[in-house]
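> Sharing a structure with you now.
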There are 2 protein chains.
Amino acid sequence: MMMTESGPTKRLCPLCVNPLPGELLRTEQWIVIDAQDAAFPGFTRIIWLTHVAEMTDLTVDQRRKLMDVVFAVEEVMRQTLMPHKINLASLGNQVPHLHWHVIPRWRDDVAFPASVWTPGQETRESEQRRIDVQSALTDYHQALIQRLTN
Amino acid sequence: MMMTESGPTKRLCPLCVNPLPGELLRTEQWIVIDAQDAAFPGFTRIIWLTHVAEMTDLTVDQRRKLMDVVFAVEEVMRQTLMPHKINLASLGNQVPHLHWHVIPRWRDDVAFPASVWTPGQETRESEQRRIDVQSALTDYHQALIQRLTN
């Protein structure tokens with residue numbers, strides 16, 4: 001086990017847990033979870049199983065495999081949730097275990113056009129938007145699992 | 001020319017300008033620019049030349065080409081600037097023309113461990129960090145251009 005300066009060791013890593021909260025699908029290389037973000041329903045996370053910090057810690061082939069999953073999630077998200085924009089991000093400042101955020105965004109969500117990490121402002125529209133998205137999540141998750149297991 | 005609901009048309013798009021501010025390298029498919037972000041020196045942007053909004057608007061081959069550039073930037077950034085963490089993001093909420101942010105992060109930068117889109121707090125350390133990074137930018141950009149033209 002390597003000590004990293006920038007974050008928890010593997011043993012203490014919240015993404016090395018099995019199963020993870022909100023887990024939708026786990027393979028031998030990656031896991032897809034519902035991020036269970038109250039402000040941004042549909043927020044989906046793809047986690048690389050190995051405890052590494054950066055994309056360039058992976059081989060070229062592993063990077064492609066992971067990005068293929070990210071783009072498959074984006075595709076299904078667009079088809080089923082029809083967001084106005086997709087946000088993709090791999091930050092890992094708090095948890096330096098490689099993971100991707102795939103976030104559906106709407107012009108009337110709580111933070112748009114700012115990032116989901118920027119303090120937002122609740123409105124009647126953003127509240128209604130959350131309710132609408134929440135009601136489509138079962139369909140989205142079913143389509144996602146089907147897409148990723150075929 | 002398509003009207004998009006989510007943002008400016010191609011004609012009004014600030015990323016359809018040639019040349020772009022901070023441009024380091026322009027090919028027939030993508031452009032790499034120094035984002036010239038005062039708070040986050042080294043912040044680099046990769047812009048897909050065609051005015052599309054999402055990664056899944058590209059073909060699988062185009063996605064791979066673009067991500068190969070993103071990862072090449074990450075690689076050179078790690079080697080030359082040696083940041084504590086790399087942040088990758090493709091948001092496009094403000095400018096829905098496909099682009100990637102590659103951001104070097106340090107534990108003593110103005111916002112760490114929050115995102116660069118989260119309001120930060122200036123400290124003596126973050127000020128010194130910016131000066132140090134700034135002084136390495138010429139080497140970083142030279143290495144970047146060399147890597148991407150070979």
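As shown in the structure tokens, the chain order sets the letters A, B, ...; within each chain, residues go from 1, and ligands are also counted from 1 in the order they appear.
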Under the rule of at most 8 Å, produce a per-residue listing of chain A near chain B: chain, number, name, the closest pair of atoms, and the distance in Å, as a tab-separated table, using only C-alpha atoms.


```
residue	atom	partner	partner_atom	distance
A:Ser6	CA	B:His84	CA	6.5
A:Ala53	CA	B:Lys85	CA	7.9
A:Glu54	CA	B:Ile86	CA	6.9
A:Met55	CA	B:Phe71	CA	7.2
A:Thr56	CA	B:Glu75	CA	6.4
A:Arg64	CA	B:Arg64	CA	7.4
A:Phe71	CA	B:Thr56	CA	6.5
A:Glu74	CA	B:Thr56	CA	7.1
A:Glu75	CA	B:Thr56	CA	6.4
A:His84	CA	B:Ser6	CA	6.6
A:Lys85	CA	B:Asn93	CA	6.7
A:Ile86	CA	B:Leu91	CA	6.8
A:Asn87	CA	B:Leu91	CA	4.4
A:Leu88	CA	B:Ser90	CA	5.1
A:Ala89	CA	B:Ala89	CA	4.1
A:Ser90	CA	B:Leu88	CA	5.1
A:Leu91	CA	B:Asn87	CA	4.4
A:Gly92	CA	B:Asn87	CA	7.3
A:Asn93	CA	B:Pro113	CA	5.0
A:Gln94	CA	B:Pro113	CA	5.8
A:Arg107	CA	B:Ser6	CA	7.7
A:Phe112	CA	B:Asn93	CA	7.1
A:Pro113	CA	B:Asn93	CA	5.0
A:Ala114	CA	B:Asn93	CA	6.9
A:Ser115	CA	B:Trp117	CA	6.6
A:Trp117	CA	B:Thr118	CA	5.9
A:Thr118	CA	B:Thr118	CA	5.1
A:Pro119	CA	B:Thr118	CA	7.5
```

> Write out as a list in words each polymer residue whose atoms come within 10 Å of region 141-144 of chain B, counting only C-alpha atoms; drop sequence neighbours fewer than 4 positions from it.

Leu24, Leu25, Val32, Ile33, Asp34, Gly42, Thr44, Ala72, Val73, Glu74, Glu75, Val76, Met77, Gln79, Thr80, Ala136, Leu137, Leu148 and Thr149 of chain B

> Both chains have the same sequence, so match all Cα atoms in order, fit chain A onto chain B by least squares, and return it as a tab-separated table (two decimals) with N, CA and C atoms, in the first residue's frame.


```tsv
chain	number	residue	atom	x	y	z
A	1	MET	N	-26.29	27.19	-40.40
A	1	MET	CA	-26.02	27.46	-38.99
A	1	MET	C	-27.24	27.09	-38.13
A	2	MET	N	-26.99	26.29	-37.13
A	2	MET	CA	-28.09	25.84	-36.26
A	2	MET	C	-28.24	26.81	-35.09
A	3	MET	N	-29.47	27.09	-34.74
A	3	MET	CA	-29.73	27.81	-33.50
A	3	MET	C	-29.71	26.77	-32.39
A	4	THR	N	-29.05	27.07	-31.30
A	4	THR	CA	-29.12	26.17	-30.15
A	4	THR	C	-29.86	26.90	-29.06
A	5	GLU	N	-30.64	26.16	-28.31
A	5	GLU	CA	-31.39	26.78	-27.22
A	5	GLU	C	-30.46	27.17	-26.09
A	6	SER	N	-29.36	26.40	-25.96
A	6	SER	CA	-28.58	26.52	-24.74
A	6	SER	C	-27.47	27.56	-24.81
A	7	GLY	N	-27.27	28.19	-25.96
A	7	GLY	CA	-26.17	29.13	-25.98
A	7	GLY	C	-26.09	29.87	-27.30
A	8	PRO	N	-24.96	30.55	-27.48
A	8	PRO	CA	-24.81	31.37	-28.67
A	8	PRO	C	-24.73	30.52	-29.92
A	9	THR	N	-25.10	31.09	-31.05
A	9	THR	CA	-24.91	30.43	-32.33
A	9	THR	C	-23.43	30.44	-32.65
A	10	LYS	N	-23.06	29.68	-33.67
A	10	LYS	CA	-21.68	29.60	-34.11
A	10	LYS	C	-21.10	31.00	-34.35
A	11	ARG	N	-21.91	31.86	-34.98
A	11	ARG	CA	-21.42	33.17	-35.36
A	11	ARG	C	-21.03	34.02	-34.14
A	12	LEU	N	-21.74	33.80	-33.03
A	12	LEU	CA	-21.48	34.60	-31.84
A	12	LEU	C	-20.60	33.87	-30.83
A	13	CYS	N	-20.14	32.66	-31.19
A	13	CYS	CA	-19.43	31.82	-30.22
A	13	CYS	C	-18.00	32.33	-29.98
A	14	PRO	N	-17.64	32.58	-28.72
A	14	PRO	CA	-16.30	33.09	-28.42
A	14	PRO	C	-15.19	32.06	-28.67
A	15	LEU	N	-15.55	30.78	-28.87
A	15	LEU	CA	-14.53	29.77	-29.15
A	15	LEU	C	-14.40	29.49	-30.65
A	16	CYS	N	-15.23	30.16	-31.47
A	16	CYS	CA	-15.10	30.02	-32.92
A	16	CYS	C	-14.20	31.10	-33.52
A	17	VAL	N	-13.54	31.85	-32.65
A	17	VAL	CA	-12.65	32.94	-33.08
A	17	VAL	C	-11.30	32.37	-33.50
A	18	ASN	N	-10.68	32.98	-34.50
A	18	ASN	CA	-9.35	32.55	-34.96
A	18	ASN	C	-8.47	33.76	-35.19
A	19	PRO	N	-7.34	33.88	-34.46
A	19	PRO	CA	-6.88	32.99	-33.39
A	19	PRO	C	-7.60	33.30	-32.07
A	20	LEU	N	-7.53	32.33	-31.17
A	20	LEU	CA	-8.08	32.51	-29.83
A	20	LEU	C	-7.02	33.13	-28.93
A	21	PRO	N	-7.41	33.91	-27.93
A	21	PRO	CA	-6.42	34.43	-26.98
A	21	PRO	C	-5.66	33.28	-26.31
A	22	GLY	N	-4.35	33.41	-26.20
A	22	GLY	CA	-3.55	32.41	-25.50
A	22	GLY	C	-3.25	31.16	-26.32
A	23	GLU	N	-3.53	31.22	-27.61
A	23	GLU	CA	-3.36	30.05	-28.47
A	23	GLU	C	-1.92	29.54	-28.48
A	24	LEU	N	-1.75	28.25	-28.21
A	24	LEU	CA	-0.43	27.63	-28.23
A	24	LEU	C	-0.24	26.79	-29.47
A	25	LEU	N	-1.31	26.16	-29.93
A	25	LEU	CA	-1.21	25.25	-31.06
A	25	LEU	C	-2.59	25.07	-31.69
A	26	ARG	N	-2.67	25.15	-33.00
A	26	ARG	CA	-3.93	24.95	-33.71
A	26	ARG	C	-3.72	23.90	-34.79
A	27	THR	N	-4.54	22.86	-34.80
A	27	THR	CA	-4.48	21.87	-35.87
A	27	THR	C	-5.81	21.94	-36.63
A	28	GLU	N	-6.05	20.99	-37.50
A	28	GLU	CA	-7.30	21.02	-38.27
A	28	GLU	C	-8.49	20.51	-37.46
A	29	GLN	N	-8.21	19.92	-36.29
A	29	GLN	CA	-9.32	19.36	-35.50
A	29	GLN	C	-9.46	20.00	-34.11
A	30	TRP	N	-8.35	20.51	-33.56
A	30	TRP	CA	-8.42	21.01	-32.19
A	30	TRP	C	-7.40	22.13	-31.98
A	31	ILE	N	-7.62	22.87	-30.90
A	31	ILE	CA	-6.75	24.00	-30.55
A	31	ILE	C	-6.38	23.86	-29.08
A	32	VAL	N	-5.15	24.16	-28.73
A	32	VAL	CA	-4.75	24.18	-27.33
A	32	VAL	C	-4.41	25.62	-26.96
A	33	ILE	N	-5.01	26.10	-25.88
A	33	ILE	CA	-4.72	27.47	-25.44
A	33	ILE	C	-4.31	27.49	-23.98
A	34	ASP	N	-3.50	28.50	-23.64
A	34	ASP	CA	-3.26	28.85	-22.24
A	34	ASP	C	-4.50	29.63	-21.81
A	35	ALA	N	-5.21	29.14	-20.81
A	35	ALA	CA	-6.47	29.77	-20.42
A	35	ALA	C	-6.26	31.16	-19.83
A	36	GLN	N	-5.02	31.50	-19.53
A	36	GLN	CA	-4.68	32.83	-19.00
A	36	GLN	C	-5.53	33.18	-17.78
A	37	ASP	N	-5.66	32.21	-16.91
A	37	ASP	CA	-6.44	32.39	-15.68
A	37	ASP	C	-5.50	32.90	-14.59
A	38	ALA	N	-5.75	34.11	-14.13
A	38	ALA	CA	-4.83	34.75	-13.18
A	38	ALA	C	-4.71	33.95	-11.88
A	39	ALA	N	-5.78	33.33	-11.44
A	39	ALA	CA	-5.77	32.60	-10.17
A	39	ALA	C	-5.15	31.21	-10.30
A	40	PHE	N	-5.19	30.66	-11.53
A	40	PHE	CA	-4.71	29.29	-11.73
A	40	PHE	C	-3.75	29.21	-12.93
A	41	PRO	N	-2.52	29.70	-12.75
A	41	PRO	CA	-1.56	29.62	-13.86
A	41	PRO	C	-1.34	28.17	-14.26
A	42	GLY	N	-1.17	27.96	-15.56
A	42	GLY	CA	-1.00	26.60	-16.08
A	42	GLY	C	-2.31	26.03	-16.59
A	43	PHE	N	-3.42	26.63	-16.19
A	43	PHE	CA	-4.76	26.23	-16.64
A	43	PHE	C	-4.74	26.19	-18.17
A	44	THR	N	-5.03	25.04	-18.75
A	44	THR	CA	-4.92	24.83	-20.19
A	44	THR	C	-6.26	24.38	-20.74
A	45	ARG	N	-6.60	24.84	-21.93
A	45	ARG	CA	-7.87	24.46	-22.52
A	45	ARG	C	-7.65	23.81	-23.88
A	46	ILE	N	-8.37	22.73	-24.14
A	46	ILE	CA	-8.34	22.09	-25.45
A	46	ILE	C	-9.72	22.28	-26.06
A	47	ILE	N	-9.76	22.85	-27.24
A	47	ILE	CA	-11.03	23.19	-27.88
A	47	ILE	C	-11.16	22.40	-29.17
A	48	TRP	N	-12.26	21.71	-29.30
A	48	TRP	CA	-12.56	21.00	-30.56
A	48	TRP	C	-12.98	22.05	-31.58
A	49	LEU	N	-12.48	21.94	-32.80
A	49	LEU	CA	-12.67	23.03	-33.76
A	49	LEU	C	-14.12	23.17	-34.20
A	50	THR	N	-14.81	22.05	-34.38
A	50	THR	CA	-16.20	22.10	-34.83
A	50	THR	C	-17.10	22.58	-33.70
A	51	HIS	N	-18.08	23.39	-34.04
A	51	HIS	CA	-19.00	23.95	-33.04
A	51	HIS	C	-20.08	22.93	-32.66
A	52	VAL	N	-19.72	21.99	-31.81
A	52	VAL	CA	-20.69	21.04	-31.26
A	52	VAL	C	-20.62	21.16	-29.73
A	53	ALA	N	-21.65	20.65	-29.05
A	53	ALA	CA	-21.74	20.89	-27.61
A	53	ALA	C	-21.23	19.75	-26.74
A	54	GLU	N	-21.43	18.51	-27.19
A	54	GLU	CA	-21.18	17.38	-26.30
A	54	GLU	C	-20.18	16.38	-26.91
A	55	MET	N	-19.52	15.62	-26.02
A	55	MET	CA	-18.61	14.57	-26.49
A	55	MET	C	-19.33	13.57	-27.38
A	56	THR	N	-20.58	13.23	-27.01
A	56	THR	CA	-21.31	12.24	-27.81
A	56	THR	C	-21.90	12.84	-29.09
A	57	ASP	N	-21.59	14.11	-29.38
A	57	ASP	CA	-21.86	14.66	-30.71
A	57	ASP	C	-20.73	14.30	-31.68
A	58	LEU	N	-19.62	13.81	-31.13
A	58	LEU	CA	-18.49	13.38	-31.96
A	58	LEU	C	-18.60	11.89	-32.29
A	59	THR	N	-17.91	11.46	-33.33
A	59	THR	CA	-17.79	10.03	-33.61
A	59	THR	C	-16.86	9.41	-32.55
A	60	VAL	N	-16.91	8.11	-32.44
A	60	VAL	CA	-16.05	7.42	-31.48
A	60	VAL	C	-14.58	7.74	-31.76
A	61	ASP	N	-14.21	7.79	-33.02
A	61	ASP	CA	-12.83	8.08	-33.39
A	61	ASP	C	-12.44	9.51	-33.01
A	62	GLN	N	-13.35	10.46	-33.24
A	62	GLN	CA	-13.07	11.86	-32.88
A	62	GLN	C	-12.93	12.02	-31.36
A	63	ARG	N	-13.79	11.33	-30.61
A	63	ARG	CA	-13.70	11.38	-29.14
A	63	ARG	C	-12.33	10.92	-28.68
A	64	ARG	N	-11.86	9.83	-29.27
A	64	ARG	CA	-10.54	9.30	-28.87
A	64	ARG	C	-9.44	10.27	-29.20
A	65	LYS	N	-9.53	10.87	-30.39
A	65	LYS	CA	-8.50	11.85	-30.79
A	65	LYS	C	-8.46	13.01	-29.80
A	66	LEU	N	-9.64	13.50	-29.44
A	66	LEU	CA	-9.69	14.63	-28.51
A	66	LEU	C	-9.16	14.23	-27.13
A	67	MET	N	-9.59	13.06	-26.64
A	67	MET	CA	-9.12	12.63	-25.32
A	67	MET	C	-7.61	12.34	-25.34
A	68	ASP	N	-7.10	11.87	-26.45
A	68	ASP	CA	-5.65	11.66	-26.55
A	68	ASP	C	-4.90	12.98	-26.34
A	69	VAL	N	-5.46	14.07	-26.86
A	69	VAL	CA	-4.83	15.38	-26.67
A	69	VAL	C	-4.95	15.80	-25.21
A	70	VAL	N	-6.13	15.61	-24.63
A	70	VAL	CA	-6.34	15.95	-23.21
A	70	VAL	C	-5.32	15.21	-22.34
A	71	PHE	N	-5.13	13.92	-22.61
A	71	PHE	CA	-4.22	13.13	-21.77
A	71	PHE	C	-2.75	13.47	-22.06
A	72	ALA	N	-2.46	13.88	-23.28
A	72	ALA	CA	-1.10	14.34	-23.58
A	72	ALA	C	-0.80	15.63	-22.81
A	73	VAL	N	-1.78	16.51	-22.74
A	73	VAL	CA	-1.62	17.75	-21.98
A	73	VAL	C	-1.41	17.41	-20.50
A	74	GLU	N	-2.25	16.49	-19.99
A	74	GLU	CA	-2.10	16.07	-18.57
A	74	GLU	C	-0.69	15.53	-18.31
A	75	GLU	N	-0.22	14.72	-19.23
A	75	GLU	CA	1.09	14.08	-19.06
A	75	GLU	C	2.21	15.12	-18.98
A	76	VAL	N	2.21	16.03	-19.94
A	76	VAL	CA	3.25	17.07	-19.97
A	76	VAL	C	3.12	17.99	-18.76
A	77	MET	N	1.89	18.30	-18.38
A	77	MET	CA	1.65	19.14	-17.21
A	77	MET	C	2.22	18.49	-15.95
A	78	ARG	N	1.98	17.19	-15.80
A	78	ARG	CA	2.51	16.49	-14.62
A	78	ARG	C	4.04	16.50	-14.63
A	79	GLN	N	4.62	16.27	-15.81
A	79	GLN	CA	6.07	16.18	-15.91
A	79	GLN	C	6.76	17.51	-15.66
A	80	THR	N	6.16	18.60	-16.13
A	80	THR	CA	6.86	19.88	-16.07
A	80	THR	C	6.43	20.74	-14.89
A	81	LEU	N	5.15	20.74	-14.55
A	81	LEU	CA	4.67	21.59	-13.45
A	81	LEU	C	4.56	20.82	-12.13
A	82	MET	N	4.53	19.51	-12.21
A	82	MET	CA	4.43	18.65	-11.03
A	82	MET	C	3.37	19.09	-10.02
A	83	PRO	N	2.12	19.24	-10.50
A	83	PRO	CA	1.05	19.63	-9.57
A	83	PRO	C	0.70	18.48	-8.63
A	84	HIS	N	0.02	18.81	-7.53
A	84	HIS	CA	-0.41	17.76	-6.60
A	84	HIS	C	-1.60	16.98	-7.14
A	85	LYS	N	-2.36	17.61	-8.02
A	85	LYS	CA	-3.52	16.94	-8.60
A	85	LYS	C	-3.83	17.57	-9.94
A	86	ILE	N	-4.42	16.76	-10.82
A	86	ILE	CA	-4.91	17.26	-12.10
A	86	ILE	C	-6.43	17.30	-12.04
A	87	ASN	N	-7.03	18.37	-12.53
A	87	ASN	CA	-8.48	18.42	-12.68
A	87	ASN	C	-8.82	18.46	-14.16
A	88	LEU	N	-9.71	17.57	-14.58
A	88	LEU	CA	-10.19	17.55	-15.97
A	88	LEU	C	-11.68	17.86	-15.96
A	89	ALA	N	-12.12	18.70	-16.87
A	89	ALA	CA	-13.56	18.98	-16.92
A	89	ALA	C	-13.97	19.49	-18.28
A	90	SER	N	-15.15	19.06	-18.71
A	90	SER	CA	-15.81	19.58	-19.90
A	90	SER	C	-17.22	19.95	-19.48
A	91	LEU	N	-17.45	21.24	-19.25
A	91	LEU	CA	-18.73	21.70	-18.74
A	91	LEU	C	-19.53	22.36	-19.86
A	92	GLY	N	-19.09	23.54	-20.30
A	92	GLY	CA	-19.74	24.17	-21.46
A	92	GLY	C	-21.10	24.78	-21.17
A	93	ASN	N	-21.36	25.08	-19.91
A	93	ASN	CA	-22.66	25.68	-19.57
A	93	ASN	C	-22.75	27.12	-20.09
A	94	GLN	N	-21.62	27.80	-20.03
A	94	GLN	CA	-21.60	29.20	-20.48
A	94	GLN	C	-21.32	29.27	-21.98
A	95	VAL	N	-20.43	28.41	-22.45
A	95	VAL	CA	-20.06	28.38	-23.87
A	95	VAL	C	-20.20	26.94	-24.36
A	96	PRO	N	-21.37	26.59	-24.94
A	96	PRO	CA	-21.59	25.20	-25.35
A	96	PRO	C	-20.92	24.85	-26.67
A	97	HIS	N	-19.62	25.09	-26.70
A	97	HIS	CA	-18.76	24.67	-27.81
A	97	HIS	C	-17.73	23.77	-27.14
A	98	LEU	N	-17.68	22.53	-27.59
A	98	LEU	CA	-16.93	21.47	-26.89
A	98	LEU	C	-15.48	21.87	-26.56
A	99	HIS	N	-15.15	21.85	-25.28
A	99	HIS	CA	-13.78	22.16	-24.84
A	99	HIS	C	-13.51	21.46	-23.53
A	100	TRP	N	-12.23	21.24	-23.28
A	100	TRP	CA	-11.78	20.58	-22.05
A	100	TRP	C	-10.87	21.51	-21.26
A	101	HIS	N	-11.08	21.51	-19.95
A	101	HIS	CA	-10.20	22.20	-19.04
A	101	HIS	C	-9.22	21.19	-18.45
A	102	VAL	N	-7.94	21.48	-18.51
A	102	VAL	CA	-6.93	20.68	-17.81
A	102	VAL	C	-6.25	21.64	-16.83
A	103	ILE	N	-6.45	21.39	-15.55
A	103	ILE	CA	-6.08	22.38	-14.53
A	103	ILE	C	-5.13	21.77	-13.52
A	104	PRO	N	-3.92	22.36	-13.39
A	104	PRO	CA	-2.99	21.86	-12.37
A	104	PRO	C	-3.40	22.42	-11.01
A	105	ARG	N	-3.46	21.56	-10.01
A	105	ARG	CA	-3.89	21.99	-8.68
A	105	ARG	C	-2.80	21.70	-7.64
A	106	TRP	N	-2.71	22.59	-6.68
A	106	TRP	CA	-1.78	22.42	-5.57
A	106	TRP	C	-2.54	22.56	-4.26
A	107	ARG	N	-2.06	21.85	-3.26
A	107	ARG	CA	-2.74	21.88	-1.96
A	107	ARG	C	-2.79	23.28	-1.37
A	108	ASP	N	-1.85	24.13	-1.81
A	108	ASP	CA	-1.85	25.50	-1.28
A	108	ASP	C	-2.40	26.51	-2.29
A	109	ASP	N	-3.10	26.02	-3.35
A	109	ASP	CA	-3.67	27.01	-4.26
A	109	ASP	C	-4.91	27.64	-3.63
A	110	VAL	N	-5.44	28.63	-4.31
A	110	VAL	CA	-6.45	29.51	-3.70
A	110	VAL	C	-7.77	28.82	-3.38
A	111	ALA	N	-8.04	27.67	-3.98
A	111	ALA	CA	-9.35	27.03	-3.75
A	111	ALA	C	-9.26	25.59	-3.26
A	112	PHE	N	-8.09	24.95	-3.35
A	112	PHE	CA	-7.96	23.53	-2.99
A	112	PHE	C	-8.43	23.27	-1.57
A	113	PRO	N	-9.15	22.13	-1.30
A	113	PRO	CA	-9.50	21.06	-2.24
A	113	PRO	C	-10.81	21.28	-2.99
A	114	ALA	N	-11.36	22.48	-2.92
A	114	ALA	CA	-12.57	22.75	-3.69
A	114	ALA	C	-12.21	22.90	-5.17
A	115	SER	N	-13.23	22.96	-6.02
A	115	SER	CA	-13.02	23.13	-7.46
A	115	SER	C	-12.56	24.55	-7.74
A	116	VAL	N	-12.04	24.78	-8.92
A	116	VAL	CA	-11.62	26.14	-9.30
A	116	VAL	C	-12.83	27.05	-9.52
A	117	TRP	N	-14.02	26.47	-9.55
A	117	TRP	CA	-15.24	27.25	-9.72
A	117	TRP	C	-15.89	27.60	-8.39
A	118	THR	N	-15.23	27.21	-7.32
A	118	THR	CA	-15.73	27.50	-5.98
A	118	THR	C	-14.96	28.71	-5.46
A	119	PRO	N	-15.64	29.69	-4.85
A	119	PRO	CA	-14.89	30.85	-4.34
A	119	PRO	C	-13.76	30.42	-3.40
A	120	GLY	N	-12.57	30.97	-3.61
A	120	GLY	CA	-11.41	30.57	-2.83
A	120	GLY	C	-11.00	31.63	-1.82
A	121	GLN	N	-9.86	31.38	-1.18
A	121	GLN	CA	-9.37	32.27	-0.14
A	121	GLN	C	-7.88	32.49	-0.37
A	122	GLU	N	-7.50	33.71	-0.67
A	122	GLU	CA	-6.10	34.03	-0.93
A	122	GLU	C	-5.29	33.93	0.37
A	123	THR	N	-4.11	33.31	0.27
A	123	THR	CA	-3.20	33.22	1.41
A	123	THR	C	-1.79	33.59	0.92
A	124	ARG	N	-0.86	33.74	1.86
A	124	ARG	CA	0.51	34.00	1.47
A	124	ARG	C	1.04	32.83	0.62
A	125	GLU	N	0.65	31.60	1.01
A	125	GLU	CA	1.10	30.40	0.29
A	125	GLU	C	0.55	30.36	-1.14
A	126	SER	N	-0.73	30.70	-1.29
A	126	SER	CA	-1.32	30.63	-2.64
A	126	SER	C	-0.69	31.68	-3.55
A	127	GLU	N	-0.33	32.82	-2.97
A	127	GLU	CA	0.32	33.87	-3.75
A	127	GLU	C	1.71	33.40	-4.21
A	128	GLN	N	2.46	32.80	-3.27
A	128	GLN	CA	3.79	32.29	-3.61
A	128	GLN	C	3.69	31.17	-4.64
A	129	ARG	N	2.70	30.30	-4.49
A	129	ARG	CA	2.49	29.19	-5.42
A	129	ARG	C	2.29	29.72	-6.84
A	130	ARG	N	1.47	30.75	-6.98
A	130	ARG	CA	1.22	31.32	-8.30
A	130	ARG	C	2.50	31.84	-8.93
A	131	ILE	N	3.31	32.50	-8.13
A	131	ILE	CA	4.58	33.04	-8.65
A	131	ILE	C	5.47	31.89	-9.13
A	132	ASP	N	5.55	30.82	-8.32
A	132	ASP	CA	6.39	29.67	-8.69
A	132	ASP	C	5.89	29.03	-9.99
A	133	VAL	N	4.58	28.83	-10.09
A	133	VAL	CA	4.02	28.18	-11.28
A	133	VAL	C	4.23	29.07	-12.50
A	134	GLN	N	3.96	30.35	-12.33
A	134	GLN	CA	4.13	31.30	-13.42
A	134	GLN	C	5.54	31.21	-14.01
A	135	SER	N	6.52	31.05	-13.15
A	135	SER	CA	7.91	31.03	-13.62
A	135	SER	C	8.24	29.75	-14.39
A	136	ALA	N	7.39	28.73	-14.30
A	136	ALA	CA	7.63	27.47	-15.01
A	136	ALA	C	6.81	27.36	-16.29
A	137	LEU	N	6.00	28.37	-16.59
A	137	LEU	CA	5.05	28.25	-17.71
A	137	LEU	C	5.71	28.18	-19.07
A	138	THR	N	6.80	28.92	-19.25
A	138	THR	CA	7.47	28.88	-20.55
A	138	THR	C	7.97	27.48	-20.86
A	139	ASP	N	8.59	26.85	-19.87
A	139	ASP	CA	9.05	25.47	-20.04
A	139	ASP	C	7.88	24.53	-20.32
A	140	TYR	N	6.82	24.70	-19.57
A	140	TYR	CA	5.63	23.86	-19.76
A	140	TYR	C	5.08	24.00	-21.18
A	141	HIS	N	4.92	25.22	-21.63
A	141	HIS	CA	4.35	25.45	-22.96
A	141	HIS	C	5.24	24.92	-24.07
A	142	GLN	N	6.55	25.10	-23.89
A	142	GLN	CA	7.49	24.56	-24.89
A	142	GLN	C	7.39	23.05	-24.96
A	143	ALA	N	7.37	22.40	-23.80
A	143	ALA	CA	7.28	20.94	-23.75
A	143	ALA	C	5.96	20.46	-24.35
A	144	LEU	N	4.91	21.24	-24.11
A	144	LEU	CA	3.57	20.89	-24.61
A	144	LEU	C	3.55	20.94	-26.14
A	145	ILE	N	4.05	22.01	-26.68
A	145	ILE	CA	4.05	22.17	-28.14
A	145	ILE	C	4.90	21.06	-28.78
A	146	GLN	N	6.04	20.79	-28.16
A	146	GLN	CA	6.92	19.73	-28.68
A	146	GLN	C	6.19	18.38	-28.66
A	147	ARG	N	5.53	18.08	-27.53
A	147	ARG	CA	4.83	16.80	-27.40
A	147	ARG	C	3.70	16.65	-28.41
A	148	LEU	N	3.00	17.75	-28.67
A	148	LEU	CA	1.81	17.68	-29.52
A	148	LEU	C	2.12	17.82	-31.01
A	149	THR	N	3.35	18.17	-31.31
A	149	THR	CA	3.70	18.27	-32.73
A	149	THR	C	4.56	17.10	-33.16
A	150	ASN	N	4.80	16.15	-32.24
A	150	ASN	CA	5.59	14.95	-32.59
A	150	ASN	C	4.70	13.72	-32.68
```

> Would you return as a list in words the members of region 50-93 of chain A that DSSP assigns to strand (DSSP E) on this structure's backbone?

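Strand (DSSP E) assignments inside region 50-93 of chain A correspond to Lys85, Ile86, Asn87, Leu88, Ala89 and Ser90 of chain A.
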
> Write to file, as a PDB file, in the first residue's frame, the residues of the selection just made, with N, CA and C atoms.


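Written output follows (part-v2.pdb):
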```pdb
ATOM      1  N   LYS A  85     -27.669  20.297 -20.942  1.00  0.00           N
ATOM      2  CA  LYS A  85     -26.214  20.216 -21.089  1.00  0.00           C
ATOM      3  C   LYS A  85     -25.709  19.068 -20.252  1.00  0.00           C
ATOM      4  N   ILE A  86     -24.591  18.493 -20.694  1.00  0.00           N
ATOM      5  CA  ILE A  86     -23.900  17.471 -19.911  1.00  0.00           C
ATOM      6  C   ILE A  86     -22.632  18.093 -19.343  1.00  0.00           C
ATOM      7  N   ASN A  87     -22.343  17.820 -18.083  1.00  0.00           N
ATOM      8  CA  ASN A  87     -21.058  18.220 -17.500  1.00  0.00           C
ATOM      9  C   ASN A  87     -20.257  16.965 -17.179  1.00  0.00           C
ATOM     10  N   LEU A  88     -19.020  16.940 -17.644  1.00  0.00           N
ATOM     11  CA  LEU A  88     -18.099  15.833 -17.345  1.00  0.00           C
ATOM     12  C   LEU A  88     -16.939  16.381 -16.525  1.00  0.00           C
ATOM     13  N   ALA A  89     -16.552  15.666 -15.489  1.00  0.00           N
ATOM     14  CA  ALA A  89     -15.405  16.147 -14.711  1.00  0.00           C
ATOM     15  C   ALA A  89     -14.753  15.019 -13.938  1.00  0.00           C
ATOM     16  N   SER A  90     -13.429  15.078 -13.880  1.00  0.00           N
ATOM     17  CA  SER A  90     -12.634  14.195 -13.031  1.00  0.00           C
ATOM     18  C   SER A  90     -11.712  15.097 -12.224  1.00  0.00           C
TER      19      SER A  90
END
```

> Which residues in region 35-144 of chain A does DSSP call helix (DSSP H, G or I)? List them as a PyMOL selection string.

chain A and resi 55-57+60-81+124-144
